[in-house]
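Here is run18.pdb, consisting of PDB, C-alpha atoms:
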```pdb
ATOM      1  CA  MET A 218      24.621  -8.615  51.699
ATOM      2  CA  ASP A 219      27.640  -9.618  49.619
ATOM      3  CA  ALA A 220      30.067 -11.326  51.956
ATOM      4  CA  ASP A 221      33.053 -10.672  49.702
ATOM      5  CA  LEU A 222      32.556  -6.913  49.932
ATOM      6  CA  HIS A 223      34.013  -6.631  53.391
ATOM      7  CA  SER A 224      35.804  -9.873  54.275
ATOM      8  CA  PRO A 225      39.288  -9.355  55.780
ATOM      9  CA  GLN A 226      42.355 -10.251  53.771
ATOM     10  CA  PRO A 227      44.113 -13.272  55.306
ATOM     11  CA  HIS A 228      47.773 -13.382  56.335
ATOM     12  CA  SER A 229      48.224  -9.589  56.279
ATOM     13  CA  SER A 230      49.574  -7.531  59.162
ATOM     14  CA  PRO A 231      48.012  -4.181  60.228
ATOM     15  CA  SER A 232      51.032  -2.321  58.858
ATOM     16  CA  GLY A 233      50.787  -4.268  55.598
ATOM     17  CA  ARG A 234      47.086  -3.450  55.248
ATOM     18  CA  LEU A 235      47.818   0.233  55.962
ATOM     19  CA  LEU A 236      50.505   0.307  53.286
ATOM     20  CA  HIS A 237      48.159  -1.403  50.842
ATOM     21  CA  ALA A 238      45.418   1.141  51.597
ATOM     22  CA  ARG A 239      47.817   4.053  51.065
ATOM     23  CA  LEU A 240      49.034   2.621  47.775
ATOM     24  CA  PHE A 241      45.462   2.078  46.644
ATOM     25  CA  LEU A 242      44.456   5.642  47.521
ATOM     26  CA  ALA A 243      47.461   6.981  45.631
ATOM     27  CA  GLY A 244      46.488   4.886  42.616
ATOM     28  CA  LEU A 245      42.860   6.005  42.814
ATOM     29  CA  LEU A 246      43.872   9.659  43.036
ATOM     30  CA  LEU A 247      46.121   9.215  40.016
ATOM     31  CA  SER A 248      43.311   7.591  38.028
ATOM     32  CA  LEU A 249      40.888  10.384  38.924
ATOM     33  CA  LEU A 250      43.405  13.041  37.943
ATOM     34  CA  THR A 251      44.051  11.207  34.695
ATOM     35  CA  ALA A 252      40.343  11.062  33.946
ATOM     36  CA  CYS A 253      40.046  14.799  34.548
ATOM     37  CA  ALA A 254      43.100  15.485  32.381
ATOM     38  CA  GLN A 255      41.504  13.514  29.547
ATOM     39  CA  THR A 256      38.244  15.431  29.831
ATOM     40  CA  PRO A 257      37.483  17.479  26.681
ATOM     41  CA  ALA A 258      38.011  21.236  27.003
ATOM     42  CA  GLN A 259      35.155  22.659  29.052
ATOM     43  CA  VAL A 260      33.332  25.926  28.773
ATOM     44  CA  ASP A 261      33.280  27.881  32.008
ATOM     45  CA  SER A 262      29.822  28.068  33.583
ATOM     46  CA  ARG A 263      30.578  30.413  36.458
ATOM     47  CA  ASP A 264      28.999  33.354  34.605
ATOM     48  CA  PHE A 265      26.347  31.326  32.793
ATOM     49  CA  ASN A 266      22.694  32.187  33.410
ATOM     50  CA  ALA A 267      20.095  29.795  32.022
ATOM     51  CA  THR A 268      16.972  31.108  30.307
ATOM     52  CA  SER A 269      15.245  27.705  29.916
ATOM     53  CA  TYR A 270      15.817  24.025  30.603
ATOM     54  CA  GLN A 271      14.806  20.563  29.440
ATOM     55  CA  LEU A 272      14.984  17.230  31.256
ATOM     56  CA  TYR A 273      14.995  13.703  29.802
ATOM     57  CA  TYR A 274      16.118  10.513  31.557
ATOM     58  CA  GLY A 275      15.743   8.150  28.591
ATOM     59  CA  HIS A 276      17.848   7.148  25.617
ATOM     60  CA  GLU A 277      15.361   6.759  22.750
ATOM     61  CA  GLY A 278      16.898   7.951  19.475
ATOM     62  CA  ALA A 279      14.005  10.017  18.139
ATOM     63  CA  GLU A 280      13.543  11.867  21.422
ATOM     64  CA  LEU A 281      17.269  12.597  21.656
ATOM     65  CA  LYS A 282      17.199  14.022  18.120
ATOM     66  CA  ARG A 283      14.214  16.186  19.020
ATOM     67  CA  LEU A 284      15.957  17.577  22.080
ATOM     68  CA  THR A 285      19.194  18.139  20.157
ATOM     69  CA  GLY A 286      17.380  20.002  17.394
ATOM     70  CA  ALA A 287      15.332  22.029  19.871
ATOM     71  CA  LEU A 288      18.337  23.155  21.918
ATOM     72  CA  VAL A 289      18.389  26.970  22.148
ATOM     73  CA  ASP A 290      20.744  29.637  23.428
ATOM     74  CA  GLN A 291      21.426  29.553  27.167
ATOM     75  CA  GLN A 292      19.385  26.427  27.725
ATOM     76  CA  VAL A 293      20.233  23.696  30.222
ATOM     77  CA  LEU A 294      19.563  20.119  29.113
ATOM     78  CA  ILE A 295      19.567  17.401  31.779
ATOM     79  CA  ILE A 296      20.193  13.836  30.608
ATOM     80  CA  ASP A 297      21.318  10.480  31.922
ATOM     81  CA  SER A 298      24.480  10.460  29.808
ATOM     82  CA  ARG A 299      25.434   6.919  30.856
ATOM     83  CA  LYS A 300      22.529   5.515  28.829
ATOM     84  CA  ILE A 301      23.095   7.533  25.643
ATOM     85  CA  PRO A 302      25.157   6.177  22.719
ATOM     86  CA  PRO A 303      28.503   8.024  22.489
ATOM     87  CA  ALA A 304      27.772   9.318  18.973
ATOM     88  CA  SER A 305      24.428  10.806  20.069
ATOM     89  CA  LEU A 306      26.053  12.372  23.120
ATOM     90  CA  GLN A 307      28.808  13.974  21.048
ATOM     91  CA  GLU A 308      26.234  15.339  18.603
ATOM     92  CA  LEU A 309      24.333  16.822  21.517
ATOM     93  CA  LEU A 310      27.476  18.365  23.011
ATOM     94  CA  ALA A 311      28.452  19.857  19.637
ATOM     95  CA  ARG A 312      25.020  21.454  19.322
ATOM     96  CA  ALA A 313      25.331  22.811  22.861
ATOM     97  CA  ARG A 314      28.650  24.471  21.994
ATOM     98  CA  GLN A 315      27.008  26.204  19.037
ATOM     99  CA  LYS A 316      24.155  27.473  21.177
ATOM    100  CA  ASN A 317      26.034  28.432  24.363
ATOM    101  CA  ALA A 318      23.939  25.808  26.134
ATOM    102  CA  ARG A 319      24.865  23.409  28.916
ATOM    103  CA  VAL A 320      24.402  19.626  29.026
ATOM    104  CA  LEU A 321      24.247  18.206  32.553
ATOM    105  CA  ALA A 322      24.738  14.557  33.503
ATOM    106  CA  TYR A 323      22.513  12.782  36.002
ATOM    107  CA  LEU A 324      24.101  11.695  39.287
ATOM    108  CA  SER A 325      22.173  10.226  42.205
ATOM    109  CA  ILE A 326      23.885  11.310  45.430
ATOM    110  CA  GLY A 327      21.428  10.032  48.041
ATOM    111  CA  GLU A 328      20.240   6.749  46.559
ATOM    112  CA  LEU A 329      21.669   3.734  44.768
ATOM    113  CA  ASP A 330      19.496   2.417  41.945
ATOM    114  CA  SER A 331      18.940  -1.337  41.996
ATOM    115  CA  GLY A 332      20.328  -1.489  38.460
ATOM    116  CA  GLU A 333      23.673  -0.211  39.740
ATOM    117  CA  ARG A 334      23.966  -2.621  42.651
ATOM    118  CA  ALA A 335      26.314  -4.998  40.828
ATOM    119  CA  THR A 336      28.531  -2.151  39.588
ATOM    120  CA  PHE A 337      28.742  -0.751  43.099
ATOM    121  CA  ALA A 338      29.604  -4.194  44.493
ATOM    122  CA  ALA A 339      32.414  -4.564  41.937
ATOM    123  CA  PHE A 340      33.722  -1.108  42.880
ATOM    124  CA  VAL A 341      33.783  -2.026  46.573
ATOM    125  CA  ALA A 342      35.377  -5.422  45.935
ATOM    126  CA  GLN A 343      38.528  -3.869  44.470
ATOM    127  CA  LEU A 344      39.048  -1.551  47.459
ATOM    128  CA  PRO A 345      41.387  -2.384  50.353
ATOM    129  CA  ALA A 346      39.617  -4.327  53.095
ATOM    130  CA  ALA A 347      39.957  -1.382  55.495
ATOM    131  CA  GLN A 348      37.774   0.752  53.198
ATOM    132  CA  GLN A 349      35.066  -1.827  52.579
ATOM    133  CA  GLN A 350      31.789  -1.727  54.436
ATOM    134  CA  PRO A 351      28.739  -4.014  54.594
ATOM    135  CA  PHE A 352      26.042  -2.687  52.296
ATOM    136  CA  GLU A 353      23.386  -2.774  54.995
ATOM    137  CA  GLN A 354      25.420  -0.207  56.951
ATOM    138  CA  LEU A 355      25.071   2.189  54.011
ATOM    139  CA  ALA A 356      21.479   1.486  53.038
ATOM    140  CA  LEU A 357      18.888   3.093  55.284
ATOM    141  CA  GLU A 358      15.795   1.770  53.529
ATOM    142  CA  TRP A 359      14.297   0.638  50.241
ATOM    143  CA  ASN A 360      12.529   3.181  48.011
ATOM    144  CA  GLU A 361       9.754   1.123  46.439
ATOM    145  CA  LYS A 362       8.617   3.794  43.965
ATOM    146  CA  PHE A 363      11.987   4.081  42.240
ATOM    147  CA  ALA A 364      13.472   0.650  43.094
ATOM    148  CA  SER A 365      16.473   2.098  44.898
ATOM    149  CA  TRP A 366      18.138   2.166  48.300
ATOM    150  CA  ARG A 367      18.356   5.377  50.326
ATOM    151  CA  ILE A 368      21.957   5.803  51.484
ATOM    152  CA  ASP A 369      23.803   7.293  54.467
ATOM    153  CA  VAL A 370      25.997   9.814  52.635
ATOM    154  CA  SER A 371      28.294  10.353  55.624
ATOM    155  CA  SER A 372      30.014   7.075  54.708
ATOM    156  CA  PRO A 373      33.525   7.612  53.247
ATOM    157  CA  LEU A 374      32.887   4.585  51.021
ATOM    158  CA  TRP A 375      29.821   6.238  49.456
ATOM    159  CA  GLN A 376      31.695   9.506  48.972
ATOM    160  CA  LEU A 377      34.525   7.619  47.242
ATOM    161  CA  TRP A 378      31.979   6.002  44.916
ATOM    162  CA  LEU A 379      30.493   9.399  44.013
ATOM    163  CA  GLN A 380      33.925  10.863  43.308
ATOM    164  CA  GLN A 381      34.590   8.057  40.866
ATOM    165  CA  GLN A 382      31.189   8.489  39.223
ATOM    166  CA  ALA A 383      31.650  12.261  38.875
ATOM    167  CA  ALA A 384      35.097  11.786  37.296
ATOM    168  CA  GLN A 385      33.677   9.330  34.753
ATOM    169  CA  LEU A 386      30.890  11.730  33.823
ATOM    170  CA  ALA A 387      33.318  14.635  33.474
ATOM    171  CA  ALA A 388      35.396  12.542  31.073
ATOM    172  CA  GLN A 389      32.370  12.378  28.755
ATOM    173  CA  GLY A 390      32.632  16.117  28.161
ATOM    174  CA  VAL A 391      29.408  17.214  29.858
ATOM    175  CA  HIS A 392      29.171  20.702  31.327
ATOM    176  CA  GLY A 393      28.110  19.837  34.847
ATOM    177  CA  LEU A 394      25.968  17.648  37.075
ATOM    178  CA  PHE A 395      22.332  17.191  37.967
ATOM    179  CA  LEU A 396      22.457  16.091  41.613
ATOM    180  CA  ASP A 397      19.426  13.933  42.268
ATOM    181  CA  THR A 398      18.023  12.396  45.489
ATOM    182  CA  PRO A 399      19.437  14.851  48.066
ATOM    183  CA  ASP A 400      15.982  14.621  49.658
ATOM    184  CA  THR A 401      17.217  11.431  51.333
ATOM    185  CA  VAL A 402      18.207  13.958  53.991
ATOM    186  CA  ASP A 403      14.539  14.144  54.956
ATOM    187  CA  ARG A 404      14.885  10.603  56.299
ATOM    188  CA  TYR A 405      17.899  11.678  58.352
ATOM    189  CA  LEU A 406      15.923  14.485  59.957
ATOM    190  CA  SER A 407      13.189  12.108  61.090
ATOM    191  CA  HIS A 408      15.197   8.928  61.729
ATOM    192  CA  PRO A 409      13.560   7.352  64.807
ATOM    193  CA  SER A 410      16.647   5.641  66.249
ATOM    194  CA  TRP A 411      19.232   8.405  65.745
ATOM    195  CA  THR A 412      20.150  10.892  68.432
ATOM    196  CA  ARG A 413      19.975  14.616  67.772
ATOM    197  CA  GLN A 414      23.748  14.686  67.277
ATOM    198  CA  GLN A 415      23.588  11.843  64.751
ATOM    199  CA  ARG A 416      20.856  13.615  62.781
ATOM    200  CA  ILE A 417      22.967  16.781  62.751
ATOM    201  CA  GLU A 418      26.046  14.855  61.635
ATOM    202  CA  LYS A 419      24.227  13.135  58.753
ATOM    203  CA  THR A 420      22.494  16.326  57.618
ATOM    204  CA  ARG A 421      25.740  18.292  57.608
ATOM    205  CA  ALA A 422      27.355  15.468  55.622
ATOM    206  CA  MET A 423      24.708  15.953  52.916
ATOM    207  CA  ILE A 424      25.301  19.726  52.842
ATOM    208  CA  GLU A 425      29.063  19.232  52.567
ATOM    209  CA  LEU A 426      28.579  16.596  49.862
ATOM    210  CA  ILE A 427      26.397  18.909  47.768
ATOM    211  CA  ARG A 428      28.940  21.699  47.996
ATOM    212  CA  SER A 429      31.879  19.417  47.219
ATOM    213  CA  PHE A 430      30.976  19.070  43.530
ATOM    214  CA  LYS A 431      31.167  22.819  42.855
ATOM    215  CA  GLN A 432      34.261  23.186  45.008
ATOM    216  CA  GLN A 433      36.093  20.437  43.104
ATOM    217  CA  ARG A 434      35.072  21.689  39.621
ATOM    218  CA  PRO A 435      34.021  25.353  39.922
ATOM    219  CA  GLN A 436      33.678  25.756  36.141
ATOM    220  CA  ASP A 437      30.877  23.148  36.044
ATOM    221  CA  PHE A 438      27.188  24.035  36.204
ATOM    222  CA  ILE A 439      25.729  22.257  39.235
ATOM    223  CA  LEU A 440      21.970  21.789  39.532
ATOM    224  CA  LEU A 441      20.426  20.445  42.750
ATOM    225  CA  ASN A 442      17.183  18.504  42.380
ATOM    226  CA  ARG A 443      14.942  18.892  45.434
ATOM    227  CA  GLY A 444      16.531  18.634  48.871
ATOM    228  CA  LEU A 445      14.387  21.677  49.669
ATOM    229  CA  ASN A 446      14.665  21.266  53.449
ATOM    230  CA  LEU A 447      18.316  22.318  53.032
ATOM    231  CA  ILE A 448      18.031  25.424  50.858
ATOM    232  CA  GLY A 449      17.212  28.063  53.482
ATOM    233  CA  GLU A 450      19.339  29.729  56.116
ATOM    234  CA  ALA A 451      18.200  27.149  58.690
ATOM    235  CA  VAL A 452      17.422  23.435  58.526
ATOM    236  CA  TRP A 453      14.596  22.482  60.882
ATOM    237  CA  LEU A 454      15.462  19.563  63.146
ATOM    238  CA  ASN A 455      11.973  19.464  64.619
ATOM    239  CA  PRO A 456       8.475  20.233  63.283
ATOM    240  CA  ASP A 457       8.088  23.735  64.752
ATOM    241  CA  GLY A 458      11.542  25.051  63.806
ATOM    242  CA  SER A 459      12.649  25.725  67.376
ATOM    243  CA  ASP A 460      15.742  23.541  66.868
ATOM    244  CA  THR A 461      17.809  24.292  63.761
ATOM    245  CA  ILE A 462      21.247  24.124  62.170
ATOM    246  CA  ALA A 463      22.687  26.214  59.340
ATOM    247  CA  GLY A 464      21.431  25.314  55.855
ATOM    248  CA  LEU A 465      22.767  25.913  52.352
ATOM    249  CA  ALA A 466      21.343  29.472  52.413
ATOM    250  CA  LEU A 467      21.153  29.638  48.621
ATOM    251  CA  MET A 468      20.199  33.313  48.790
ATOM    252  CA  GLN A 469      23.637  34.117  50.231
ATOM    253  CA  PRO A 470      27.088  33.885  48.605
ATOM    254  CA  HIS A 471      29.000  30.647  49.065
ATOM    255  CA  PRO A 472      31.582  29.259  46.612
ATOM    256  CA  GLY A 473      30.289  25.707  46.978
ATOM    257  CA  ASN A 474      26.573  26.323  46.541
ATOM    258  CA  PRO A 475      24.942  24.975  43.358
ATOM    259  CA  ASP A 476      24.248  27.222  40.369
ATOM    260  CA  ALA A 477      20.577  26.245  40.334
ATOM    261  CA  VAL A 478      17.989  24.305  42.322
ATOM    262  CA  LEU A 479      15.009  22.417  40.888
ATOM    263  CA  TYR A 480      11.635  22.664  42.620
ATOM    264  CA  GLU A 481      10.031  19.440  41.411
ATOM    265  CA  ASN A 482       6.249  18.961  41.439
ATOM    266  CA  ALA A 483       6.022  22.690  41.957
ATOM    267  CA  TYR A 484       2.861  24.335  43.289
ATOM    268  CA  ALA A 485       1.140  21.003  43.898
ATOM    269  CA  SER A 486       0.527  21.797  47.593
ATOM    270  CA  THR A 487      -0.349  24.806  49.734
ATOM    271  CA  ASP A 488       0.525  23.468  53.204
ATOM    272  CA  PRO A 489       2.679  25.533  55.612
ATOM    273  CA  TRP A 490       5.885  23.629  54.759
ATOM    274  CA  THR A 491       5.407  24.348  51.043
ATOM    275  CA  GLN A 492       4.716  28.025  51.712
ATOM    276  CA  ARG A 493       7.911  28.301  53.762
ATOM    277  CA  ILE A 494       9.972  26.586  51.079
ATOM    278  CA  GLU A 495       8.503  28.755  48.319
ATOM    279  CA  THR A 496       9.440  31.852  50.343
ATOM    280  CA  ASP A 497      13.046  30.599  50.478
ATOM    281  CA  LEU A 498      12.966  29.875  46.739
ATOM    282  CA  ARG A 499      11.702  33.365  45.891
ATOM    283  CA  ALA A 500      14.423  34.883  48.076
ATOM    284  CA  THR A 501      16.957  32.694  46.284
ATOM    285  CA  ALA A 502      15.768  33.767  42.824
ATOM    286  CA  THR A 503      15.696  37.440  43.829
ATOM    287  CA  SER A 504      19.261  37.338  45.145
ATOM    288  CA  GLY A 505      20.535  36.077  41.784
ATOM    289  CA  ARG A 506      23.083  33.789  43.426
ATOM    290  CA  THR A 507      21.339  30.508  42.586
ATOM    291  CA  GLN A 508      18.746  30.164  39.833
ATOM    292  CA  VAL A 509      15.449  28.422  40.564
ATOM    293  CA  PHE A 510      13.984  25.909  38.101
ATOM    294  CA  THR A 511      10.454  24.546  38.520
ATOM    295  CA  LEU A 512       8.989  21.310  37.175
ATOM    296  CA  GLY A 513       5.226  20.881  37.026
ATOM    297  CA  TYR A 514       3.294  17.664  36.402
ATOM    298  CA  ARG A 515      -0.070  17.181  34.691
ATOM    299  CA  ASP A 516      -1.063  14.463  37.134
ATOM    300  CA  THR A 517      -0.812  16.896  40.072
ATOM    301  CA  MET A 518      -0.915  20.439  38.621
ATOM    302  CA  GLY A 519      -3.197  19.809  35.668
ATOM    303  CA  ASP A 520      -3.052  23.050  33.685
ATOM    304  CA  PRO A 521       0.345  24.041  32.206
ATOM    305  CA  VAL A 522      -0.858  27.577  31.433
ATOM    306  CA  LYS A 523      -1.583  28.227  35.098
ATOM    307  CA  PHE A 524       1.721  26.619  36.071
ATOM    308  CA  PHE A 525       3.834  28.769  33.739
ATOM    309  CA  ALA A 526       2.001  31.937  34.732
ATOM    310  CA  ARG A 527       2.822  31.309  38.364
ATOM    311  CA  THR A 528       6.431  30.252  37.813
ATOM    312  CA  ASN A 529       7.076  33.341  35.666
ATOM    313  CA  ALA A 530       5.516  35.600  38.308
ATOM    314  CA  ASP A 531       7.868  34.126  40.909
ATOM    315  CA  GLY A 532      10.923  34.749  38.708
ATOM    316  CA  PHE A 533      11.599  31.037  38.211
ATOM    317  CA  ILE A 534      12.412  29.017  35.055
ATOM    318  CA  GLY A 535       9.780  26.373  34.339
ATOM    319  CA  ALA A 536       9.230  23.160  32.418
ATOM    320  CA  PHE A 537       6.310  20.728  32.359
ATOM    321  CA  ALA A 538       5.827  16.948  32.072
ATOM    322  CA  ASN A 539       3.071  14.369  32.410
ATOM    323  CA  SER A 540       4.361  12.849  35.661
ATOM    324  CA  SER A 541       7.504  12.027  37.610
ATOM    325  CA  THR A 542       7.525   8.541  36.072
ATOM    326  CA  SER A 543       7.168   9.621  32.403
ATOM    327  CA  LEU A 544      10.534  11.361  32.035
ATOM    328  CA  HIS A 545      12.186   8.158  30.828
ATOM    329  CA  GLN A 546       9.816   8.149  27.825
ATOM    330  CA  THR A 547       9.588  11.815  26.800
ATOM    331  CA  GLY A 548      11.359  15.011  27.744
ATOM    332  CA  THR A 549       9.810  18.045  29.347
ATOM    333  CA  GLU A 550       7.851  20.828  27.617
ATOM    334  CA  THR A 551       8.619  24.532  27.784
ATOM    335  CA  ALA A 552       6.067  27.357  27.857
ATOM    336  CA  GLU A 553       6.406  27.823  24.085
ATOM    337  CA  GLU A 554       5.349  24.241  23.322
ATOM    338  CA  PRO A 555       1.781  22.902  23.223
TER     339      PRO A 555
END
```
Written as structure tokens, how would this file's structure read?
Amino acid sequence: MDADLHSPQPHSSPSGRLLHARLFLAGLLLSLLTACAQTPAQVDSRDFNATSYQLYYGHEGAELKRLTGALVDQQVLIIDSRKIPPASLQELLARARQKNARVLAYLSIGELDSGERATFAAFVAQLPAAQQQPFEQLALEWNEKFASWRIDVSSPLWQLWLQQQAAQLAAQGVHGLFLDTPDTVDRYLSHPSWTRQQRIEKTRAMIELIRSFKQQRPQDFILLNRGLNLIGEAVWLNPDGSDTIAGLALMQPHPGNPDAVLYENAYASTDPWTQRIETDLRATATSGRTQVFTLGYRDTMGDPVKFFARTNADGFIGAFANSSTSLHQTGTETAEEP
């Protein structure tokens, strides 16, 4: 824990701290509005329907050139734009404009990567003391596989951080966001020391957070990665589904719901939970309100031909990769590629 993240400011009265907090919030709002005003002119994605997608988390020059050259009409390309040289990003965005494609920027909403810990600490340090919070109150647990902390998204501090991150990404000129790690909500639903009301509160906070990005920038294309326990009409609070709360209901109209949802590691299991989720995904795709993307992996699915046949039969849009850990090296494949 960084002690300076939440230490009180000496020699300041409660009224003085309140005034300081209000002035800071006004300044932050002004900076966010300025960032949005400086954002390059955006195409409107509210009537955009993707026909294919590609995903690449890395920043290697040759792979970026391949993806830029391979960009086709009505394709969605997901990148981690923070890692890409500005010239390469602008070339990619120019190509997307020519092709009526959309470039989405990566944003982790449920986890903080260990590589961003120092940046997050610096962000917190410049906030008023009343808004600061010890990091261990935010972090639920360590995710060993991806070297990141799972976060309690109900925290106003975390939501403020995400607003700042989204504004910075918008200023790059991207066409929307790829919202990763919403599946942290699965830990909320099974948290052993939380009451039922606490689990409901945290789960609803994740639903509201997901919807906030589309509500704040309705012209952006918003793609939700995983978080599949939330996509149906009901979120199960217990294993047999006898205790539920309202979910995102992606098969029904809602102005804040994402434009698409990604079913990662698709078709790798046949257990009852997977069958229920796939039923919700098919209903979502049939309704036409939210598109469904699928991502298959060789290390779990094996045969891409079988994968694409199934995803096409379900009315989904598919892409394929070697594994969940290879997407920093090479981008995904489409059905047309070997």
task = Enumerate, as a list in words, the residues matched when the PyMOL selection byres ((chain A and resi 308) around 12) is run on the file above.
result = Gly278, Leu281, Lys282, Leu284, Thr285, Gly286, Leu288, Ile301, Pro302, Pro303, Ala304, Ser305, Leu306, Gln307, Leu309, Leu310, Ala311, Arg312, Ala313, Arg314, Gln315, Val320, Gly390 and Val391 of chain A
message = Please report the interatomic distance between atom CA of A:Gln382 and atom CA of A:Thr507 in Å with one decimal.
response =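 Distance reported for this atom pair: 24.4 Å.
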ask   = So which residues touch A:Phe363 within 12 Å, counting only C-alpha atoms, skipping near sequence neighbours fewer than 6 positions away, as a count of residues only?
value = 9
message = Could you list, as number ranges by chain, every residue matched by the PyMOL selection byres ((chain A and resi 297) around 12) in this structure?
response = A: 272-277, 281, 294-296, 298-302, 306, 320-325, 386, 389, 391, 393-397, 544-545, 548
query = What is the distance, in Å and to one decimal place, between atom CA of A:Gln380 and atom CA of A:Trp411?
reply =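 Between these atoms lies a distance of 26.9 Å.
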Name all residues at most 7 Å from stretch 534-536 of chain A (count all atoms listed in the file; drop same-chain ones fewer than 4 positions away) and give them as a tab-separated table (two decimals) with C-alpha atoms, in the frame of the given file.
```
chain	number	residue	atom	x	y	z
A	268	THR	CA	16.97	31.11	30.31
A	269	SER	CA	15.24	27.70	29.92
A	270	TYR	CA	15.82	24.02	30.60
A	271	GLN	CA	14.81	20.56	29.44
A	509	VAL	CA	15.45	28.42	40.56
A	510	PHE	CA	13.98	25.91	38.10
A	511	THR	CA	10.45	24.55	38.52
A	512	LEU	CA	8.99	21.31	37.17
A	513	GLY	CA	5.23	20.88	37.03
A	525	PHE	CA	3.83	28.77	33.74
A	528	THR	CA	6.43	30.25	37.81
A	529	ASN	CA	7.08	33.34	35.67
A	549	THR	CA	9.81	18.05	29.35
A	550	GLU	CA	7.85	20.83	27.62
A	551	THR	CA	8.62	24.53	27.78
A	552	ALA	CA	6.07	27.36	27.86
```
task = Step by step: start from the point (26.7, 22.3, 53.1) in the file's coordinates, keep every protein, DNA or RNA residue that has an atom no farther than 9 Å from it, count only C-alpha atoms, and write the set as a PyMOL selection string.
result = chain A and resi 420-429+447+463-466+473-474
task = Just give me the gap between atom CA of A:Ala500 and atom CA of A:Ala485 in Å, one decimal is fine.
result = 19.7 Å
Mind checking which residues fall within 12 Å of A:Ser486, counting all atoms listed in the file, ignoring those fewer than 6 positions away in the same chain, and posting them as a PDB file with C-alpha atoms, in the frame of the given file?
```pdb
ATOM      1  CA  GLN A 492       4.716  28.025  51.712  1.00  0.00           C
ATOM      2  CA  ARG A 493       7.911  28.301  53.762  1.00  0.00           C
ATOM      3  CA  ILE A 494       9.972  26.586  51.079  1.00  0.00           C
ATOM      4  CA  GLU A 495       8.503  28.755  48.319  1.00  0.00           C
ATOM      5  CA  GLY A 513       5.226  20.881  37.026  1.00  0.00           C
ATOM      6  CA  THR A 517      -0.812  16.896  40.072  1.00  0.00           C
ATOM      7  CA  MET A 518      -0.915  20.439  38.621  1.00  0.00           C
TER       8      MET A 518
END
```
message = Here is a test: counting all atoms listed in the file, which residue of A:Asp476, A:Asp460, A:Asp290, A:Asp497 is nearest to A:Ile417?
response =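 When distances to A:Ile417 are compared using all atoms listed in the file, the smallest one comes from A:Asp460.
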Running the PyMOL selection byres ((chain A and resi 504) around 12) on this model by hand, what would come out? Give it as a tab-separated table (two decimals) with C-alpha atoms, in the coordinates of the input.
```tsv
chain	number	residue	atom	x	y	z
A	466	ALA	CA	21.34	29.47	52.41
A	467	LEU	CA	21.15	29.64	48.62
A	468	MET	CA	20.20	33.31	48.79
A	469	GLN	CA	23.64	34.12	50.23
A	470	PRO	CA	27.09	33.88	48.60
A	497	ASP	CA	13.05	30.60	50.48
A	498	LEU	CA	12.97	29.88	46.74
A	499	ARG	CA	11.70	33.36	45.89
A	500	ALA	CA	14.42	34.88	48.08
A	501	THR	CA	16.96	32.69	46.28
A	502	ALA	CA	15.77	33.77	42.82
A	503	THR	CA	15.70	37.44	43.83
A	505	GLY	CA	20.54	36.08	41.78
A	506	ARG	CA	23.08	33.79	43.43
A	507	THR	CA	21.34	30.51	42.59
A	508	GLN	CA	18.75	30.16	39.83
A	509	VAL	CA	15.45	28.42	40.56
A	532	GLY	CA	10.92	34.75	38.71
```
query = From the set A:Ala451, A:Arg413, A:Ala347, A:Arg443, which residue has the shortest atom-to-atom contact distance to A:Pro373, counting only C-alpha atoms?
reply =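 Looking only at the distances to A:Pro373, the closest residue turns out to be A:Ala347.
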key: Expected residue set, 10 Å radius at (19.6, 1.5, 53.3), all atoms listed in the file, as number ranges by chain   = A: 328-329, 352-360, 365-369
task = Pick out the closest residue to A:Glu418 from this set: A:Phe533, A:Tyr480, A:Tyr405, A:Trp378. Count all atoms listed in the file.
result =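 The answer is A:Tyr405, which sits nearest to A:Glu418.
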ask   = Which of these residues is nearest to A:Ile448, using all atoms listed in the file: A:Ala483, A:Lys523, A:Gln436, A:Pro399?
value = A:Pro399
Closest of A:Arg515, A:Arg416, A:Lys316, A:Arg404 to A:Thr461 - atom-to-atom distances counting all atoms listed in the file =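 Ranking A:Arg515, A:Arg416, A:Lys316, A:Arg404 by distance to A:Thr461, first place goes to A:Arg416.
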remark   = Closest of A:Gln376, A:Thr336, A:Gln414, A:Ser540 to A:Gln348, counting only C-alpha atoms, is A:Gln376
Missing atoms in stretch 292-298 of chain A: can you complete it with N, CA and C atoms, as a PDB file, keeping the file's coordinate frame?
```pdb
ATOM      1  N   GLN A 292      20.252  27.457  27.164  1.00  0.00           N
ATOM      2  CA  GLN A 292      19.385  26.427  27.725  1.00  0.00           C
ATOM      3  C   GLN A 292      20.224  25.387  28.461  1.00  0.00           C
ATOM      4  N   VAL A 293      19.646  24.828  29.513  1.00  0.00           N
ATOM      5  CA  VAL A 293      20.233  23.696  30.222  1.00  0.00           C
ATOM      6  C   VAL A 293      19.462  22.446  29.828  1.00  0.00           C
ATOM      7  N   LEU A 294      20.180  21.404  29.436  1.00  0.00           N
ATOM      8  CA  LEU A 294      19.563  20.119  29.113  1.00  0.00           C
ATOM      9  C   LEU A 294      20.103  19.074  30.075  1.00  0.00           C
ATOM     10  N   ILE A 295      19.207  18.416  30.787  1.00  0.00           N
ATOM     11  CA  ILE A 295      19.567  17.401  31.779  1.00  0.00           C
ATOM     12  C   ILE A 295      19.301  16.029  31.185  1.00  0.00           C
ATOM     13  N   ILE A 296      20.313  15.173  31.189  1.00  0.00           N
ATOM     14  CA  ILE A 296      20.193  13.836  30.608  1.00  0.00           C
ATOM     15  C   ILE A 296      20.876  12.822  31.525  1.00  0.00           C
ATOM     16  N   ASP A 297      20.558  11.561  31.297  1.00  0.00           N
ATOM     17  CA  ASP A 297      21.318  10.480  31.922  1.00  0.00           C
ATOM     18  C   ASP A 297      22.332  10.022  30.885  1.00  0.00           C
ATOM     19  N   SER A 298      23.504  10.649  30.886  1.00  0.00           N
ATOM     20  CA  SER A 298      24.480  10.460  29.808  1.00  0.00           C
ATOM     21  C   SER A 298      25.040   9.043  29.761  1.00  0.00           C
TER      22      SER A 298
END
```
